[in-house]
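As stored in final.tsv (TSV, C-alpha atoms):
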chain	number	residue	atom	x	y	z
A	1	MET	CA	176.73	56.01	80.58
A	2	MET	CA	173.16	56.09	81.88
A	3	TYR	CA	170.41	55.67	79.28
A	4	THR	CA	168.43	58.91	79.06
A	5	GLY	CA	165.67	58.04	76.56
A	6	ARG	CA	163.09	57.43	79.31
A	7	SER	CA	159.49	57.76	78.27
A	8	ASN	CA	157.56	55.51	80.64
A	9	ILE	CA	157.31	56.17	84.37
A	10	LYS	CA	156.70	53.38	86.87
A	11	ILE	CA	156.00	53.65	90.62
A	12	PHE	CA	156.92	50.71	92.85
A	13	SER	CA	156.56	50.25	96.59
A	14	CYS	CA	158.19	48.10	99.25
A	15	ASN	CA	156.25	47.28	102.42
A	16	ALA	CA	156.92	50.28	104.71
A	17	ASN	CA	154.17	52.61	103.47
A	18	ARG	CA	152.15	51.06	100.63
A	19	GLU	CA	149.13	53.25	101.42
A	20	LEU	CA	151.13	56.43	100.77
A	21	ALA	CA	152.72	54.88	97.66
A	22	ALA	CA	149.28	54.01	96.25
A	23	ALA	CA	148.05	57.58	96.87
A	24	ILE	CA	151.13	59.02	95.10
A	25	ALA	CA	150.62	56.70	92.11
A	26	LYS	CA	146.91	57.58	91.95
A	27	ASN	CA	147.70	61.31	91.85
A	28	LEU	CA	149.89	60.60	88.81
A	29	GLY	CA	147.16	58.55	87.13
A	30	LEU	CA	149.17	55.34	87.57
A	31	GLU	CA	148.83	51.95	89.24
A	32	LEU	CA	151.58	50.72	91.54
A	33	GLY	CA	154.09	48.53	89.69
A	34	ASN	CA	153.57	44.78	89.85
A	35	SER	CA	156.13	43.54	92.36
A	36	GLU	CA	156.30	41.48	95.53
A	37	VAL	CA	158.61	42.02	98.49
A	38	SER	CA	158.41	39.12	100.96
A	39	HIS	CA	160.59	37.13	103.35
A	40	PHE	CA	162.05	33.64	103.29
A	41	SER	CA	161.45	31.55	106.40
A	42	ASP	CA	164.88	32.51	107.80
A	43	GLY	CA	164.07	36.23	107.50
A	44	GLU	CA	165.99	36.95	104.27
A	45	ILE	CA	164.19	39.29	101.89
A	46	SER	CA	162.81	38.04	98.58
A	47	VAL	CA	161.93	40.36	95.69
A	48	LYS	CA	159.95	39.59	92.51
A	49	ILE	CA	159.28	42.14	89.75
A	50	ASP	CA	156.43	40.88	87.57
A	51	GLU	CA	156.59	43.37	84.71
A	52	THR	CA	159.20	44.69	82.32
A	53	ILE	CA	161.06	47.80	83.44
A	54	ARG	CA	163.75	47.95	80.73
A	55	GLY	CA	164.50	51.62	80.01
A	56	ALA	CA	161.77	52.84	82.38
A	57	ASP	CA	161.98	55.80	84.77
A	58	VAL	CA	161.46	53.91	88.02
A	59	PHE	CA	160.52	55.41	91.40
A	60	ILE	CA	160.70	53.13	94.47
A	61	ILE	CA	158.79	54.45	97.51
A	62	GLN	CA	160.03	53.24	100.89
A	63	SER	CA	160.43	54.95	104.26
A	64	THR	CA	163.25	53.43	106.31
A	65	SER	CA	161.21	53.52	109.51
A	66	PHE	CA	160.52	50.71	112.02
A	67	PRO	CA	161.53	47.93	111.46
A	68	VAL	CA	164.41	50.05	110.17
A	69	ASN	CA	166.82	47.33	109.06
A	70	ASP	CA	164.15	45.25	107.27
A	71	ASN	CA	162.81	48.30	105.45
A	72	LEU	CA	166.29	49.47	104.47
A	73	MET	CA	167.23	46.03	103.12
A	74	GLU	CA	163.93	45.81	101.17
A	75	LEU	CA	164.81	49.12	99.50
A	76	LEU	CA	168.41	48.11	98.71
A	77	ILE	CA	167.44	44.72	97.28
A	78	LEU	CA	164.63	46.16	95.13
A	79	ILE	CA	167.01	48.86	93.80
A	80	ASP	CA	169.53	46.12	92.94
A	81	ALA	CA	166.84	44.07	91.18
A	82	MET	CA	165.75	47.12	89.17
A	83	ARG	CA	169.32	47.90	88.14
A	84	ARG	CA	169.93	44.30	87.00
A	85	ALA	CA	166.63	44.43	85.04
A	86	SER	CA	167.97	47.42	83.03
A	87	ALA	CA	165.76	50.21	84.42
A	88	GLY	CA	166.56	53.49	82.66
A	89	ARG	CA	166.80	55.46	85.89
A	90	ILE	CA	166.09	54.52	89.50
A	91	THR	CA	164.96	57.11	92.06
A	92	ALA	CA	164.75	56.04	95.70
A	93	VAL	CA	161.80	57.94	97.21
A	94	ILE	CA	162.43	57.91	100.98
A	95	PRO	CA	159.81	60.03	102.79
A	96	TYR	CA	161.52	59.26	106.13
A	97	TYR	CA	165.29	58.65	106.07
A	98	GLY	CA	166.29	56.35	108.96
A	99	TYR	CA	169.68	56.54	110.71
A	100	ALA	CA	169.65	60.31	110.06
A	101	ARG	CA	170.45	61.15	113.71
A	102	GLN	CA	173.84	59.43	113.44
A	103	ASP	CA	175.22	62.15	111.19
A	104	ARG	CA	178.50	63.02	112.94
A	105	LYS	CA	180.98	61.75	115.52
A	106	ALA	CA	179.51	63.13	118.74
A	107	ARG	CA	181.93	61.00	120.78
A	108	ALA	CA	185.17	59.17	120.05
A	109	ARG	CA	184.72	55.99	117.97
A	110	ASP	CA	181.11	56.81	116.96
A	111	PRO	CA	179.94	55.57	113.54
A	112	ILE	CA	178.47	57.99	111.00
A	113	SER	CA	175.61	55.71	110.01
A	114	ALA	CA	173.76	58.32	107.93
A	115	LYS	CA	176.75	58.39	105.54
A	116	LEU	CA	176.98	54.57	105.50
A	117	VAL	CA	173.30	54.32	104.49
A	118	ALA	CA	173.89	56.92	101.74
A	119	ASN	CA	176.78	54.79	100.43
A	120	LEU	CA	174.63	51.64	100.49
A	121	ILE	CA	171.79	53.28	98.53
A	122	THR	CA	174.24	54.57	95.92
A	123	THR	CA	176.11	51.25	95.66
A	124	ALA	CA	172.83	49.33	95.28
A	125	GLY	CA	172.24	51.30	92.08
A	126	ALA	CA	170.01	54.32	92.82
A	127	ASP	CA	170.55	57.20	90.39
A	128	ARG	CA	168.91	59.82	92.59
A	129	VAL	CA	167.10	60.23	95.92
A	130	LEU	CA	163.93	62.08	96.85
A	131	THR	CA	163.32	62.62	100.57
A	132	MET	CA	161.67	64.99	103.05
A	133	ASP	CA	162.90	66.94	106.09
A	134	LEU	CA	166.22	65.25	106.79
A	135	HIS	CA	167.12	65.46	110.48
A	136	CYS	CA	170.27	67.36	109.47
A	137	ALA	CA	170.52	69.21	106.16
A	138	GLN	CA	174.19	68.24	105.69
A	139	ILE	CA	173.12	64.63	104.95
A	140	GLN	CA	172.40	65.91	101.43
A	141	GLY	CA	176.17	66.13	101.03
A	142	PHE	CA	176.64	62.48	102.03
A	143	PHE	CA	175.30	61.44	98.61
A	144	ASP	CA	177.35	61.47	95.42
A	145	ILE	CA	174.12	61.28	93.39
A	146	PRO	CA	171.46	64.01	93.03
A	147	LEU	CA	169.18	64.42	96.06
A	148	ASP	CA	165.95	66.41	96.10
A	149	HIS	CA	165.02	67.56	99.61
A	150	LEU	CA	161.33	68.33	100.13
A	151	VAL	CA	159.99	70.25	103.13
A	152	GLY	CA	156.80	69.44	105.01
A	153	MET	CA	156.45	72.87	106.63
A	154	PRO	CA	153.96	74.32	104.07
A	155	LEU	CA	151.49	71.54	104.92
A	156	LEU	CA	151.79	72.33	108.64
A	157	THR	CA	151.62	76.13	108.29
A	158	ASN	CA	148.63	75.88	105.92
A	159	TYR	CA	146.86	73.67	108.48
A	160	TYR	CA	147.30	76.28	111.24
A	161	LYS	CA	146.34	79.16	108.92
A	162	GLU	CA	143.11	77.39	107.99
A	163	LYS	CA	142.33	76.31	111.56
A	164	TYR	CA	143.08	79.54	113.43
A	165	GLY	CA	142.78	82.17	110.69
A	166	ASP	CA	142.67	85.63	112.24
A	167	HIS	CA	143.57	84.36	115.75
A	168	LEU	CA	147.22	83.57	114.99
A	169	ASP	CA	148.30	86.70	116.88
A	170	GLU	CA	147.56	84.71	120.07
A	171	PHE	CA	150.27	82.15	119.21
A	172	VAL	CA	154.02	81.72	119.73
A	173	ALA	CA	156.11	79.15	117.83
A	174	VAL	CA	158.47	77.29	120.16
A	175	SER	CA	161.67	75.44	119.33
A	176	PRO	CA	162.11	72.44	121.69
A	177	ASP	CA	165.90	72.75	121.53
A	178	LEU	CA	168.65	74.98	120.13
A	179	GLY	CA	169.26	72.66	117.15
A	180	SER	CA	165.75	73.26	115.75
A	181	VAL	CA	165.82	77.06	115.90
A	182	GLY	CA	166.38	77.56	112.14
A	183	ARG	CA	163.44	75.32	111.24
A	184	VAL	CA	161.12	76.93	113.80
A	185	ARG	CA	162.16	80.46	112.77
A	186	GLN	CA	160.99	79.67	109.22
A	187	PHE	CA	157.72	78.27	110.61
A	188	ALA	CA	157.17	81.39	112.74
A	189	THR	CA	157.97	83.69	109.78
A	190	LYS	CA	155.42	81.87	107.58
A	191	LEU	CA	152.70	82.37	110.20
A	192	ASP	CA	153.97	85.83	111.20
A	193	ILE	CA	154.08	84.90	114.90
A	194	PRO	CA	156.81	85.35	117.57
A	195	LEU	CA	159.46	82.73	118.38
A	196	ALA	CA	160.56	81.24	121.71
A	197	ILE	CA	163.35	78.73	122.40
A	198	ILE	CA	163.75	76.03	125.03
A	199	ASP	CA	167.33	75.59	126.21
A	200	LYS	CA	167.75	72.08	127.57
A	201	ARG	CA	170.48	69.77	128.76
A	202	ARG	CA	170.40	66.10	127.71
A	203	PRO	CA	172.24	63.88	130.28
A	204	LYS	CA	172.05	60.76	128.05
A	205	ALA	CA	170.33	59.42	124.91
A	206	ASN	CA	166.51	59.68	124.91
A	207	VAL	CA	166.57	61.58	128.23
A	208	SER	CA	166.14	65.34	128.22
A	209	GLU	CA	166.04	67.89	131.01
A	210	ILE	CA	164.41	71.28	130.53
A	211	MET	CA	166.58	74.20	131.64
A	212	ASN	CA	164.99	77.53	130.68
A	213	ILE	CA	162.78	79.25	128.11
A	214	ILE	CA	164.08	82.11	125.99
A	215	GLY	CA	161.16	84.32	125.00
A	216	ASN	CA	157.72	85.15	126.38
A	217	VAL	CA	155.03	82.44	126.46
A	218	GLU	CA	152.95	83.68	129.40
A	219	GLY	CA	149.27	84.00	128.48
A	220	LYS	CA	150.01	82.71	124.97
A	221	ARG	CA	148.92	79.67	122.96
A	222	VAL	CA	152.06	77.91	121.77
A	223	ILE	CA	152.96	75.54	118.92
A	224	LEU	CA	155.97	73.30	119.50
A	225	VAL	CA	157.67	72.50	116.19
A	226	ASP	CA	160.11	69.64	115.51
A	227	ASP	CA	161.20	67.54	112.53
A	228	MET	CA	160.55	64.22	114.29
A	229	ILE	CA	159.13	62.82	117.51
A	230	ASP	CA	160.60	59.49	118.65
A	231	THR	CA	160.12	58.60	122.33
A	232	ALA	CA	158.43	62.02	122.86
A	233	GLY	CA	160.52	62.83	125.95
A	234	THR	CA	161.77	66.16	124.59
A	235	ILE	CA	158.44	67.38	123.24
A	236	THR	CA	156.35	66.38	126.30
A	237	ASN	CA	158.87	67.80	128.80
A	238	ALA	CA	158.85	70.98	126.76
A	239	ALA	CA	155.03	71.09	126.68
A	240	ASN	CA	154.76	70.61	130.43
A	241	ALA	CA	157.44	73.27	131.09
A	242	LEU	CA	155.61	75.75	128.82
A	243	LYS	CA	152.37	75.15	130.68
A	244	GLU	CA	154.16	75.72	134.01
A	245	ARG	CA	155.57	79.00	132.64
A	246	GLY	CA	152.10	80.37	131.86
A	247	ALA	CA	151.22	79.14	128.36
A	248	ILE	CA	147.42	78.76	128.17
A	249	GLU	CA	147.44	76.08	125.44
A	250	VAL	CA	150.14	73.84	123.95
A	251	ASP	CA	149.93	72.29	120.50
A	252	ALA	CA	152.74	70.42	118.74
A	253	CYS	CA	153.61	69.41	115.20
A	254	CYS	CA	156.29	67.43	113.39
A	255	THR	CA	157.01	65.87	110.01
A	256	HIS	CA	158.04	62.36	111.10
A	257	ALA	CA	155.95	60.55	113.73
A	258	VAL	CA	158.37	57.82	114.82
A	259	LEU	CA	156.50	57.40	118.13
A	260	SER	CA	158.47	54.52	119.62
A	261	GLY	CA	158.59	53.10	123.15
A	262	PRO	CA	156.66	55.19	125.69
A	263	ALA	CA	155.80	57.97	123.19
A	264	LEU	CA	152.03	57.51	123.04
A	265	GLU	CA	151.63	57.25	126.80
A	266	ARG	CA	153.78	60.36	127.30
A	267	ILE	CA	151.80	62.38	124.73
A	268	THR	CA	148.46	61.24	126.17
A	269	ASN	CA	149.50	62.29	129.70
A	270	SER	CA	151.20	65.55	128.67
A	271	ALA	CA	150.01	69.14	128.32
A	272	ILE	CA	149.90	68.74	124.51
A	273	GLN	CA	146.35	69.40	123.34
A	274	GLU	CA	146.84	68.40	119.69
A	275	LEU	CA	149.74	66.80	117.80
A	276	VAL	CA	149.81	67.33	114.04
A	277	VAL	CA	152.02	64.95	112.03
A	278	LEU	CA	152.66	64.09	108.38
A	279	ASN	CA	152.28	60.53	107.08
A	280	THR	CA	155.89	59.98	105.99
A	281	ILE	CA	155.80	57.00	108.38
A	282	ASN	CA	152.88	54.59	108.26
A	283	LEU	CA	151.12	54.64	111.63
A	284	PRO	CA	149.14	51.54	112.64
A	285	GLU	CA	145.60	52.17	113.94
A	286	GLU	CA	146.62	51.61	117.58
A	287	LYS	CA	148.97	54.62	117.36
A	288	LYS	CA	146.29	56.99	116.06
A	289	ILE	CA	145.32	58.43	119.44
A	290	ASP	CA	142.67	61.14	119.90
A	291	LYS	CA	145.25	63.94	120.19
A	292	LEU	CA	146.82	63.04	116.83
A	293	VAL	CA	145.98	64.70	113.49
A	294	GLU	CA	147.63	63.20	110.39
A	295	LEU	CA	148.16	65.15	107.15
A	296	SER	CA	149.18	63.46	103.90
A	297	VAL	CA	152.32	64.25	101.89
A	298	ASP	CA	151.09	62.37	98.80
A	299	LYS	CA	150.43	65.48	96.67
A	300	ILE	CA	153.87	67.02	97.36
A	301	PHE	CA	155.65	63.76	96.50
A	302	SER	CA	153.60	63.10	93.36
A	303	GLU	CA	154.27	66.63	92.09
A	304	ALA	CA	158.01	66.24	92.81
A	305	ILE	CA	158.08	62.86	91.02
A	306	LYS	CA	156.29	64.40	88.02
A	307	ARG	CA	158.86	67.22	87.86
A	308	ILE	CA	161.82	64.84	88.18
A	309	HIS	CA	160.41	62.68	85.38
A	310	GLU	CA	159.84	65.72	83.14
A	311	GLY	CA	163.23	67.25	84.00
A	312	THR	CA	161.80	70.45	85.47
A	313	ALA	CA	162.75	72.25	88.71
A	314	VAL	CA	161.66	70.73	92.00
A	315	SER	CA	162.81	73.69	94.13
A	316	THR	CA	160.05	75.97	92.75
A	317	LEU	CA	157.50	73.78	94.55
A	318	PHE	CA	158.22	75.78	97.71
A	319	GLU	CA	158.64	79.29	96.37
Whole structure, structure tokens version:
Amino acid sequence: MMYTGRSNIKIFSCNANRELAAAIAKNLGLELGNSEVSHFSDGEISVKIDETIRGADVFIIQSTSFPVNDNLMELLILIDAMRRASAGRITAVIPYYGYARQDRKARARDPISAKLVANLITTAGADRVLTMDLHCAQIQGFFDIPLDHLVGMPLLTNYYKEKYGDHLDEFVAVSPDLGSVGRVRQFATKLDIPLAIIDKRRPKANVSEIMNIIGNVEGKRVILVDDMIDTAGTITNAANALKERGAIEVDACCTHAVLSGPALERITNSAIQELVVLNTINLPEEKKIDKLVELSVDKIFSEAIKRIHEGTAVSTLFE
């Protein structure tokens, strides 16, 4: 039976996003826990925890972004070390959950990697998970431990409310594909603006082809909304198509800025005027192009961690 007499809270970080982890700890009036996650010369991961954690309520902050496998293994090994050091409870705080796109068998003999990763995190010894904007909501059901699912949308909608104020009636929220309609409908409702949908056909992975636009964008300023942008093919094709169909300005926003491969070049050369992202993934300086605006999720995560520690409701954060 899990020990429940936790009084002390400790925040630890692996290497994926130490800047965000430090900001979360600071909001809670804490220092990051004293630990070191490094590599042996052959690439194996080495973990050292240099303080006692017996009976503590431990939160490990780690996005499983690029390099995905290294960051995932860092998280798993640190969880295992914490469990063996008798932590009272271990919460894996995963602002960006990698492998989330492999959530079902789209073709015969496909793996369901999102479920495999959930099993690994649970087997390593995590007692609960805290994450944000999973690519597919059903991944919550892949875990047999409690999972708190935060949403980044309030940060994005507040940004547009503050920036455009009384001019929001000039805007239309656009879903870049049919799968994102639910998310974009909520975004549009929050801003009280109309919704349009792009219906596209994808011939193969990371290649998308725009088909047609459902809704009126002519003479409008549009905001493309997605949960993540990886190679940016979908979002830039959508932006260019919207411009061709009469949109006078195209902005875009997402929670997770994966931005791999040709993404930056595509965004720079596209019709997108401004791309607003959250810092669930640590972006190196060379990826912070002029079009990019980054908002921090540190306050949402620190408030959620505080509520989990105190045993109060996390869901009311978004009411």
Practice task
Tell me which of A:Thr312, A:Thr157, A:Gln273, A:Ala21 sits closest to Leu295 (chain A), counting all atoms listed in the file.
Solution key: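 Residue with the minimum atom-to-atom distance to Leu295 (chain A): A:Thr157.
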Exercise for the section: Mind giving me the straight-line distance from CA of His135 (chain A) to CA of Cys254 (chain A) in Å, one decimal? Expected result: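 Pair CA of His135 (chain A) / CA of Cys254 (chain A) returns 11.4 Å.
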Exercise for the section: Could you give me, as a VMD selection string, the residues that sit within 6 Å of (166.8, 56.8, 89.4) in the file's coordinates, counting all atoms listed in the file? Expected result: chain A and resid 89 to 91 126 to 128
Handout entry: CA of Val93 (chain A) to CA of Ser63 (chain A), straight-line distance in Å
Key =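 Here the two named atoms are 7.8 Å from each other.
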Can you list, as a short mmCIF file (atom, residue, chain, number, x, y, z; two decimals) with C-alpha atoms, in the coordinates of the input, every protein, DNA or RNA residue that comes within 10 Å of Leu275 (chain A) when you count all atoms listed in the file, leaving out same-chain residues fewer than 4 positions away?
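The result, stored in out_27.cif:
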data_model
loop_
_atom_site.label_atom_id
_atom_site.label_comp_id
_atom_site.auth_asym_id
_atom_site.auth_seq_id
_atom_site.Cartn_x
_atom_site.Cartn_y
_atom_site.Cartn_z
CA ILE A 223 152.96 75.54 118.92
CA LEU A 224 155.97 73.30 119.50
CA VAL A 225 157.67 72.50 116.19
CA VAL A 250 150.14 73.84 123.95
CA ASP A 251 149.93 72.29 120.50
CA ALA A 252 152.74 70.42 118.74
CA CYS A 253 153.61 69.41 115.20
CA CYS A 254 156.29 67.43 113.39
CA ALA A 257 155.95 60.55 113.73
CA ILE A 267 151.80 62.38 124.73
CA ILE A 289 145.32 58.43 119.44
CA ASP A 290 142.67 61.14 119.90
CA LYS A 291 145.25 63.94 120.19
CA LEU A 292 146.82 63.04 116.83
CA VAL A 293 145.98 64.70 113.49
CA GLU A 294 147.63 63.20 110.39
#
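Among A:Lys105, A:Pro95, A:Phe143, A:Gly246, the residue with the shortest atom-to-atom distance to Ala118 (chain A), counting all atoms listed in the file, is A:Phe143.
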Residues within 12 Å of Arg183 (chain A), all atoms listed in the file, excluding chain neighbours under 3 positions, as an mmCIF file with C-alpha atoms, in the coordinates of the input:
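File selection_11.cif, as written:
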data_model
loop_
_atom_site.group_PDB
_atom_site.id
_atom_site.type_symbol
_atom_site.label_atom_id
_atom_site.label_comp_id
_atom_site.auth_asym_id
_atom_site.auth_seq_id
_atom_site.Cartn_x
_atom_site.Cartn_y
_atom_site.Cartn_z
ATOM 1 C CA ASP A 133 162.900 66.940 106.090
ATOM 2 C CA LEU A 134 166.220 65.250 106.790
ATOM 3 C CA HIS A 135 167.120 65.460 110.480
ATOM 4 C CA CYS A 136 170.270 67.360 109.470
ATOM 5 C CA ALA A 137 170.520 69.210 106.160
ATOM 6 C CA VAL A 151 159.990 70.250 103.130
ATOM 7 C CA GLY A 152 156.800 69.440 105.010
ATOM 8 C CA MET A 153 156.450 72.870 106.630
ATOM 9 C CA PRO A 154 153.960 74.320 104.070
ATOM 10 C CA ALA A 173 156.110 79.150 117.830
ATOM 11 C CA VAL A 174 158.470 77.290 120.160
ATOM 12 C CA SER A 175 161.670 75.440 119.330
ATOM 13 C CA PRO A 176 162.110 72.440 121.690
ATOM 14 C CA ASP A 177 165.900 72.750 121.530
ATOM 15 C CA LEU A 178 168.650 74.980 120.130
ATOM 16 C CA GLY A 179 169.260 72.660 117.150
ATOM 17 C CA SER A 180 165.750 73.260 115.750
ATOM 18 C CA GLN A 186 160.990 79.670 109.220
ATOM 19 C CA PHE A 187 157.720 78.270 110.610
ATOM 20 C CA ALA A 188 157.170 81.390 112.740
ATOM 21 C CA THR A 189 157.970 83.690 109.780
ATOM 22 C CA LYS A 190 155.420 81.870 107.580
ATOM 23 C CA LEU A 195 159.460 82.730 118.380
ATOM 24 C CA ILE A 197 163.350 78.730 122.400
ATOM 25 C CA LEU A 224 155.970 73.300 119.500
ATOM 26 C CA VAL A 225 157.670 72.500 116.190
ATOM 27 C CA ASP A 226 160.110 69.640 115.510
ATOM 28 C CA ASP A 227 161.200 67.540 112.530
ATOM 29 C CA MET A 228 160.550 64.220 114.290
ATOM 30 C CA CYS A 254 156.290 67.430 113.390
ATOM 31 C CA THR A 255 157.010 65.870 110.010
#
Exercise for the section: Select all residues near (157.2, 66.1, 131.4) (cut-off 12 Å, inclusive, file coordinates), counting all atoms listed in the file, and output them as a list in words. Expected result: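 Residues with an atom at most 12 Å from (157.2, 66.1, 131.4): Val207, Ser208, Glu209, Ile210, Ala232, Gly233, Thr234, Ile235, Thr236, Asn237, Ala238, Ala239, Asn240, Ala241, Leu242, Lys243, Glu244, Ala263, Glu265, Arg266, Ile267, Thr268, Asn269, Ser270, Ala271 and Ile272 of chain A.
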Exercise for the section: Give me, please, the distance in Å between CA of Asp230 (chain A) and CA of Ile281 (chain A), quoted to one decimal. Expected result: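 Interatomic distance here is 11.6 Å.
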Practice task
Could you tell me which of A:Leu150, A:Arg101, A:Lys115, A:Val181 comes closest to Ser302 (chain A) if we count only C-alpha atoms?
Solution key: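 The shortest atom-to-atom distance to Ser302 (chain A) comes from A:Leu150.
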Practice task
Go through A:Val58, A:Ala313, A:Ile248, A:Ile24 one by one, measure the shortest atom-to-atom distance of each to Phe12 (chain A) using all atoms listed in the file, and give the residue with the smallest value.
Solution key: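 For Phe12 (chain A), the nearest of the candidates is A:Val58.
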Exercise for the section: Pick out the closest residue to Glu286 (chain A) from this set: A:Leu264, A:Ala196, A:Ile9, A:Leu120. Count all atoms listed in the file. Expected result: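 Going through A:Leu264, A:Ala196, A:Ile9, A:Leu120 one by one, the smallest distance to Glu286 (chain A) is for A:Leu264.
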Handout entry: Near-Gly125 (chain A) list (10 Å; only C-alpha atoms; drop same-chain fewer than 3 positions) as a PyMOL selection string
Key = chain A and resi 76-84+89-92+120-122+128
Excluding His149 (chain A) and any residue of its chain fewer than 6 positions from it, enumerate the residues within 7 Å of it, using only C-alpha atoms, and give them as an mmCIF file with C-alpha atoms, in the frame of the given file.
data_model
loop_
_atom_site.group_PDB
_atom_site.id
_atom_site.type_symbol
_atom_site.label_atom_id
_atom_site.label_comp_id
_atom_site.auth_asym_id
_atom_site.auth_seq_id
_atom_site.Cartn_x
_atom_site.Cartn_y
_atom_site.Cartn_z
ATOM 1 C CA LEU A 130 163.930 62.080 96.850
ATOM 2 C CA THR A 131 163.320 62.620 100.570
ATOM 3 C CA MET A 132 161.670 64.990 103.050
ATOM 4 C CA ASP A 133 162.900 66.940 106.090
#
